[in-house]
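Visitor: structure-v8.cif is reproduced below (mmCIF, C-alpha atoms and all ligand atoms).
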data_target
#
loop_
_atom_site.group_PDB
_atom_site.id
_atom_site.type_symbol
_atom_site.label_atom_id
_atom_site.label_comp_id
_atom_site.auth_asym_id
_atom_site.auth_seq_id
_atom_site.Cartn_x
_atom_site.Cartn_y
_atom_site.Cartn_z
ATOM 1 C CA MET A 11 -32.661 -62.273 -48.858
ATOM 2 C CA TRP A 12 -29.351 -60.462 -49.097
ATOM 3 C CA PRO A 13 -27.479 -60.224 -51.330
ATOM 4 C CA ARG A 14 -29.254 -60.702 -54.637
ATOM 5 C CA LEU A 15 -26.090 -60.044 -56.612
ATOM 6 C CA VAL A 16 -22.446 -60.690 -55.780
ATOM 7 C CA LEU A 17 -19.886 -58.757 -57.797
ATOM 8 C CA LEU A 18 -16.407 -60.250 -57.846
ATOM 9 C CA ASP A 19 -13.086 -58.826 -58.823
ATOM 10 C CA ARG A 20 -11.231 -61.374 -60.954
ATOM 11 C CA ASP A 21 -7.444 -61.293 -60.539
ATOM 12 C CA GLY A 22 -6.398 -62.014 -56.961
ATOM 13 C CA VAL A 23 -9.918 -63.093 -55.968
ATOM 14 C CA ILE A 24 -10.927 -65.828 -58.419
ATOM 15 C CA ASN A 25 -7.551 -66.559 -60.008
ATOM 16 C CA ALA A 26 -3.939 -65.974 -59.049
ATOM 17 C CA ASP A 27 -2.866 -62.443 -59.957
ATOM 18 C CA SER A 28 0.323 -61.734 -61.848
ATOM 19 C CA PRO A 29 2.384 -58.539 -62.157
ATOM 20 C CA ASN A 30 2.765 -59.486 -65.832
ATOM 21 C CA TYR A 31 -1.010 -59.585 -66.397
ATOM 22 C CA ILE A 32 -3.078 -62.616 -67.368
ATOM 23 C CA LEU A 33 -2.380 -62.901 -71.083
ATOM 24 C CA SER A 34 -3.455 -66.427 -71.999
ATOM 25 C CA ILE A 35 -5.770 -69.245 -70.965
ATOM 26 C CA GLU A 36 -2.725 -70.915 -69.408
ATOM 27 C CA ASP A 37 -2.134 -67.821 -67.243
ATOM 28 C CA PHE A 38 -5.642 -68.126 -65.803
ATOM 29 C CA GLN A 39 -5.100 -70.264 -62.693
ATOM 30 C CA PRO A 40 -8.084 -70.377 -60.326
ATOM 31 C CA LEU A 41 -7.327 -70.041 -56.626
ATOM 32 C CA PRO A 42 -8.206 -73.105 -54.539
ATOM 33 C CA GLY A 43 -11.963 -73.417 -54.063
ATOM 34 C CA SER A 44 -12.874 -70.255 -55.982
ATOM 35 C CA ILE A 45 -14.706 -71.885 -58.887
ATOM 36 C CA GLU A 46 -16.666 -74.105 -56.503
ATOM 37 C CA ALA A 47 -17.471 -71.079 -54.312
ATOM 38 C CA ILE A 48 -19.022 -69.276 -57.283
ATOM 39 C CA ALA A 49 -21.050 -72.399 -58.057
ATOM 40 C CA ARG A 50 -22.303 -72.463 -54.446
ATOM 41 C CA LEU A 51 -23.613 -68.915 -54.858
ATOM 42 C CA SER A 52 -25.424 -69.919 -58.048
ATOM 43 C CA THR A 53 -27.031 -72.963 -56.474
ATOM 44 C CA ASN A 54 -28.221 -70.716 -53.625
ATOM 45 C CA ALA A 55 -29.971 -68.445 -56.144
ATOM 46 C CA ILE A 56 -27.493 -65.575 -55.761
ATOM 47 C CA ASP A 57 -26.474 -63.981 -59.063
ATOM 48 C CA VAL A 58 -22.754 -63.594 -59.653
ATOM 49 C CA ALA A 59 -21.000 -61.183 -62.006
ATOM 50 C CA VAL A 60 -17.358 -60.248 -62.427
ATOM 51 C CA CYS A 61 -16.072 -56.653 -62.569
ATOM 52 C CA THR A 62 -12.466 -56.594 -63.689
ATOM 53 C CA ASN A 63 -9.890 -54.069 -64.873
ATOM 54 C CA GLN A 64 -8.052 -55.491 -67.876
ATOM 55 C CA SER A 65 -5.796 -52.632 -68.878
ATOM 56 C CA ALA A 66 -3.495 -55.092 -70.658
ATOM 57 C CA VAL A 67 -5.919 -54.660 -73.578
ATOM 58 C CA GLY A 68 -5.529 -50.891 -73.690
ATOM 59 C CA ARG A 69 -1.792 -51.183 -73.150
ATOM 60 C CA GLY A 70 -1.574 -53.427 -76.220
ATOM 61 C CA PHE A 71 -0.434 -56.601 -74.401
ATOM 62 C CA LEU A 72 -3.690 -58.523 -74.792
ATOM 63 C CA SER A 73 -6.126 -58.686 -77.697
ATOM 64 C CA PRO A 74 -9.864 -58.478 -77.067
ATOM 65 C CA ASP A 75 -10.186 -61.896 -78.727
ATOM 66 C CA THR A 76 -7.761 -63.476 -76.277
ATOM 67 C CA LEU A 77 -9.507 -61.832 -73.338
ATOM 68 C CA ASN A 78 -12.778 -63.296 -74.631
ATOM 69 C CA ALA A 79 -11.148 -66.717 -74.988
ATOM 70 C CA ILE A 80 -9.910 -66.543 -71.381
ATOM 71 C CA HIS A 81 -13.415 -65.630 -70.235
ATOM 72 C CA THR A 82 -14.986 -68.429 -72.276
ATOM 73 C CA GLU A 83 -12.668 -70.934 -70.581
ATOM 74 C CA PHE A 84 -13.400 -69.354 -67.193
ATOM 75 C CA THR A 85 -17.156 -69.538 -67.852
ATOM 76 C CA ASN A 86 -16.846 -73.169 -68.899
ATOM 77 C CA GLN A 87 -15.059 -73.990 -65.639
ATOM 78 C CA ILE A 88 -17.869 -72.343 -63.666
ATOM 79 C CA ASN A 89 -20.514 -74.185 -65.652
ATOM 80 C CA ARG A 90 -18.777 -77.544 -65.180
ATOM 81 C CA ALA A 91 -18.840 -76.910 -61.419
ATOM 82 C CA GLY A 92 -22.608 -76.331 -61.598
ATOM 83 C CA GLY A 93 -22.546 -72.544 -61.449
ATOM 84 C CA GLN A 94 -23.138 -69.667 -63.789
ATOM 85 C CA LEU A 95 -22.164 -66.049 -64.264
ATOM 86 C CA VAL A 96 -24.734 -63.404 -65.171
ATOM 87 C CA GLY A 97 -22.035 -61.175 -66.607
ATOM 88 C CA ILE A 98 -18.371 -60.420 -66.973
ATOM 89 C CA TYR A 99 -17.763 -56.677 -66.989
ATOM 90 C CA ALA A 100 -14.232 -55.865 -68.088
ATOM 91 C CA CYS A 101 -12.684 -52.424 -68.498
ATOM 92 C CA PRO A 102 -10.183 -52.708 -71.362
ATOM 93 C CA HIS A 103 -8.859 -49.164 -71.045
ATOM 94 C CA SER A 104 -5.431 -48.046 -69.969
ATOM 95 C CA PRO A 105 -5.287 -45.756 -66.931
ATOM 96 C CA ASP A 106 -4.572 -42.666 -69.038
ATOM 97 C CA ALA A 107 -7.826 -43.151 -70.983
ATOM 98 C CA GLN A 108 -9.686 -41.523 -68.055
ATOM 99 C CA CYS A 109 -12.688 -43.791 -68.636
ATOM 100 C CA ASN A 110 -15.474 -44.121 -66.114
ATOM 101 C CA CYS A 111 -15.313 -47.912 -65.953
ATOM 102 C CA ARG A 112 -11.775 -48.587 -64.714
ATOM 103 C CA LYS A 113 -11.972 -49.204 -60.966
ATOM 104 C CA PRO A 114 -11.807 -47.214 -58.664
ATOM 105 C CA ALA A 115 -14.429 -45.571 -60.903
ATOM 106 C CA PRO A 116 -17.849 -47.140 -60.322
ATOM 107 C CA GLY A 117 -18.848 -47.679 -63.981
ATOM 108 C CA LEU A 118 -18.512 -51.468 -64.080
ATOM 109 C CA CYS A 119 -20.432 -51.888 -60.838
ATOM 110 C CA ARG A 120 -23.171 -49.493 -61.898
ATOM 111 C CA GLN A 121 -23.618 -51.269 -65.240
ATOM 112 C CA ALA A 122 -24.007 -54.617 -63.473
ATOM 113 C CA LEU A 123 -26.625 -53.147 -61.112
ATOM 114 C CA LEU A 124 -28.511 -51.609 -64.036
ATOM 115 C CA ASP A 125 -28.457 -54.802 -66.093
ATOM 116 C CA ARG A 126 -29.691 -56.927 -63.195
ATOM 117 C CA HIS A 127 -32.170 -54.346 -61.814
ATOM 118 C CA VAL A 128 -30.531 -54.570 -58.402
ATOM 119 C CA LEU A 129 -30.194 -51.775 -55.847
ATOM 120 C CA PRO A 130 -26.672 -51.097 -54.547
ATOM 121 C CA SER A 131 -27.716 -52.168 -51.049
ATOM 122 C CA ASP A 132 -28.906 -55.529 -52.444
ATOM 123 C CA ALA A 133 -25.457 -56.275 -53.853
ATOM 124 C CA LEU A 134 -22.107 -57.230 -52.337
ATOM 125 C CA PHE A 135 -18.655 -56.659 -53.836
ATOM 126 C CA ILE A 136 -15.802 -59.008 -52.957
ATOM 127 C CA GLY A 137 -12.347 -57.742 -53.909
ATOM 128 C CA ASP A 138 -8.663 -57.841 -53.024
ATOM 129 C CA SER A 139 -7.571 -54.280 -53.810
ATOM 130 C CA GLN A 140 -8.179 -50.771 -52.592
ATOM 131 C CA ARG A 141 -9.604 -49.822 -55.968
ATOM 132 C CA ASP A 142 -12.231 -52.563 -55.613
ATOM 133 C CA LEU A 143 -13.304 -51.182 -52.266
ATOM 134 C CA ALA A 144 -13.327 -47.645 -53.680
ATOM 135 C CA ALA A 145 -15.364 -48.611 -56.745
ATOM 136 C CA ALA A 146 -17.906 -50.424 -54.598
ATOM 137 C CA ALA A 147 -18.134 -47.473 -52.206
ATOM 138 C CA ALA A 148 -18.615 -45.044 -55.096
ATOM 139 C CA ALA A 149 -21.493 -47.201 -56.359
ATOM 140 C CA GLY A 150 -22.968 -47.513 -52.865
ATOM 141 C CA ILE A 151 -22.318 -51.264 -52.681
ATOM 142 C CA PRO A 152 -21.122 -52.940 -49.456
ATOM 143 C CA ALA A 153 -17.716 -54.584 -49.912
ATOM 144 C CA TRP A 154 -15.764 -57.428 -48.365
ATOM 145 C CA LEU A 155 -12.012 -57.906 -48.658
ATOM 146 C CA VAL A 156 -10.210 -61.201 -49.220
ATOM 147 C CA ARG A 157 -6.585 -61.768 -48.175
ATOM 148 C CA THR A 158 -5.609 -63.381 -51.488
ATOM 149 C CA GLY A 159 -3.962 -61.231 -54.154
ATOM 150 C CA ASN A 160 -3.335 -57.741 -52.768
ATOM 151 C CA GLY A 161 -5.724 -58.254 -49.885
ATOM 152 C CA ALA A 162 -3.259 -59.181 -47.155
ATOM 153 C CA SER A 163 -1.176 -56.067 -47.772
ATOM 154 C CA ILE A 164 -4.299 -53.895 -47.885
ATOM 155 C CA GLU A 165 -5.373 -55.332 -44.560
ATOM 156 C CA ALA A 166 -1.902 -54.758 -43.062
ATOM 157 C CA THR A 167 -1.599 -51.130 -44.123
ATOM 158 C CA GLN A 168 -5.115 -49.914 -43.469
ATOM 159 C CA PRO A 169 -7.605 -50.226 -40.671
ATOM 160 C CA ALA A 170 -10.325 -52.647 -41.668
ATOM 161 C CA HIS A 171 -13.493 -50.824 -42.614
ATOM 162 C CA GLN A 172 -15.060 -54.000 -43.937
ATOM 163 C CA PRO A 173 -15.159 -57.726 -43.197
ATOM 164 C CA VAL A 174 -11.991 -59.593 -44.232
ATOM 165 C CA PHE A 175 -11.796 -63.280 -45.186
ATOM 166 C CA ASP A 176 -8.931 -65.596 -46.062
ATOM 167 C CA ASP A 177 -10.192 -66.210 -49.574
ATOM 168 C CA LEU A 178 -13.294 -66.298 -51.750
ATOM 169 C CA ALA A 179 -14.292 -69.751 -50.524
ATOM 170 C CA SER A 180 -14.351 -68.630 -46.887
ATOM 171 C CA ALA A 181 -16.177 -65.396 -47.780
ATOM 172 C CA VAL A 182 -18.861 -67.417 -49.541
ATOM 173 C CA ASP A 183 -19.086 -69.785 -46.570
ATOM 174 C CA ALA A 184 -19.743 -66.765 -44.350
ATOM 175 C CA LEU A 185 -22.242 -65.308 -46.788
ATOM 176 C CA LEU A 186 -24.251 -68.499 -47.013
ATOM 177 C CA ALA A 187 -24.205 -68.829 -43.209
ATOM 178 C CA ILE A 188 -25.736 -65.333 -43.004
ATOM 179 C CA GLU A 189 -28.390 -66.380 -45.509
ATOM 180 C CA LEU A 190 -29.232 -69.506 -43.537
ATOM 181 C CA ALA A 191 -29.447 -67.519 -40.299
ATOM 182 C CA SER A 192 -31.804 -64.974 -41.869
ATOM 183 C CA GLU A 193 -34.026 -67.771 -43.151
ATOM 184 C CA ILE A 194 -34.249 -69.237 -39.649
ATOM 185 C CA VAL A 195 -35.043 -65.814 -38.154
ATOM 186 C CA THR A 196 -37.734 -65.086 -40.719
ATOM 187 C CA GLY A 197 -39.237 -68.544 -40.298
ATOM 188 C CA LYS A 198 -38.729 -69.495 -43.896
ATOM 189 C CA PHE A 199 -36.389 -72.327 -42.982
ATOM 190 C CA GLY A 200 -38.074 -75.614 -42.197
ATOM 191 C CA THR A 201 -41.623 -74.303 -41.918
ATOM 192 C CA GLY A 202 -42.815 -75.956 -45.074
ATOM 193 C CA THR A 203 -44.201 -72.665 -46.335
ATOM 194 C CA ASN A 204 -42.799 -70.695 -49.178
ATOM 195 C CA ASN A 205 -43.674 -67.081 -49.685
ATOM 196 C CA GLY A 206 -40.948 -66.500 -52.173
HETATM 197 MG MG MG B 301 -7.707 -57.936 -57.962
HETATM 198 ZN ZN ZN B 302 -12.698 -48.398 -68.837
#
What's the structure tokens form of this structure?

Guide:
Amino acid sequence: MWPRLVLLDRDGVINADSPNYILSIEDFQPLPGSIEAIARLSTNAIDVAVCTNQSAVGRGFLSPDTLNAIHTEFTNQINRAGGQLVGIYACPHSPDAQCNCRKPAPGLCRQALLDRHVLPSDALFIGDSQRDLAAAAAAGIPAWLVRTGNGASIEATQPAHQPVFDDLASAVDALLAIELASEIVTGKFGTGTNNG
């Protein structure tokens, strides 16, 4: 079944983005339905990881400890909804660090693929920004765009080269509909057999 692994951008996809960065647990405000959407992926046996640029660390606005605290709270919210994350990959570097993990570089995506032993074609990236789409493309991963965060302006200024959805919840709805359809086509659905 496809995909085995869904990689999500964080700000503007899972939680409301802010031009002033997300600097505290209080700043982390999930978008409607996003936490539940991640849980739906988990309960459908699709691994979920987050690949996020957090340059506020490298810029000196956010301590690594506070970023970890935000991600602990985020993880707890996912777990309470019945889901789980297999990883949170965060680039802490400022843009001038020229690292290979800050999107649009593919480092975060490639690390997630390596850790999960997943081929690029068996993964899907869902993001709201051009640099998400570019990072996914550089790693060979198909990408979907959501209209939350920067997504609506990306869609308006560029021809769509990828599927576009209103938000993460509707993207996950579409993804799980594809999964169900493929199970019907392959005969796995409702046959009473299970060949894994
Ligand atoms: Mg974003
Ligand atoms: Zn980096």

Visitor: Could you jot down the atom CA of Cys119 of chain A to atom CA of Tyr99 of chain A separation for me, Å, one decimal place?

Guide: 8.2 Å

Visitor: What lies within 7 Å of Ile98 of chain A using all atoms listed in the file, ignoring chain neighbours under 3 positions off, as a PyMOL selection string?

Guide: chain A and resi 59-61

Visitor: For Leu15 of chain A, which residue among A:Asn54, A:Gln140, A:Gln39, A:Thr158 is the nearest when counting all atoms listed in the file?

Guide: A:Asn54

Visitor: For ligand ZN 302 (chain B), collect every residue having any atom at a distance of at most 6 Å from a ligand atom (counting all atoms listed in the file); output as a PyMOL selection string.

Guide: chain A and resi 101-103+109-112

Visitor: Counting only C-alpha atoms and all ligand atoms, name the residues that have an atom within 6 Å of an atom of ligand MG 301 (chain B); the answer should be given as a count of residues only.

Guide: 7

Visitor: Give me the residues within 12 Å of Ile48 of chain A as a PyMOL selection string, counting only C-alpha atoms and dropping any in the same chain fewer than 5 places off.

Guide: chain A and resi 15-18+20+23-24+40-43+53-60+84-85+87-96+136+178-183+185-186

Visitor: If I take atom CA of Arg157 of chain A and atom CA of Ala26 of chain A, how far is one from the other in Å, to one decimal?

Guide: 12.0 Å

Visitor: Distance atom CA of Ala147 of chain A-atom CA of Val67 of chain A, one decimal place?

Guide: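 Straight-line distance from atom CA of Ala147 of chain A to atom CA of Val67 of chain A works out to 25.6 Å.
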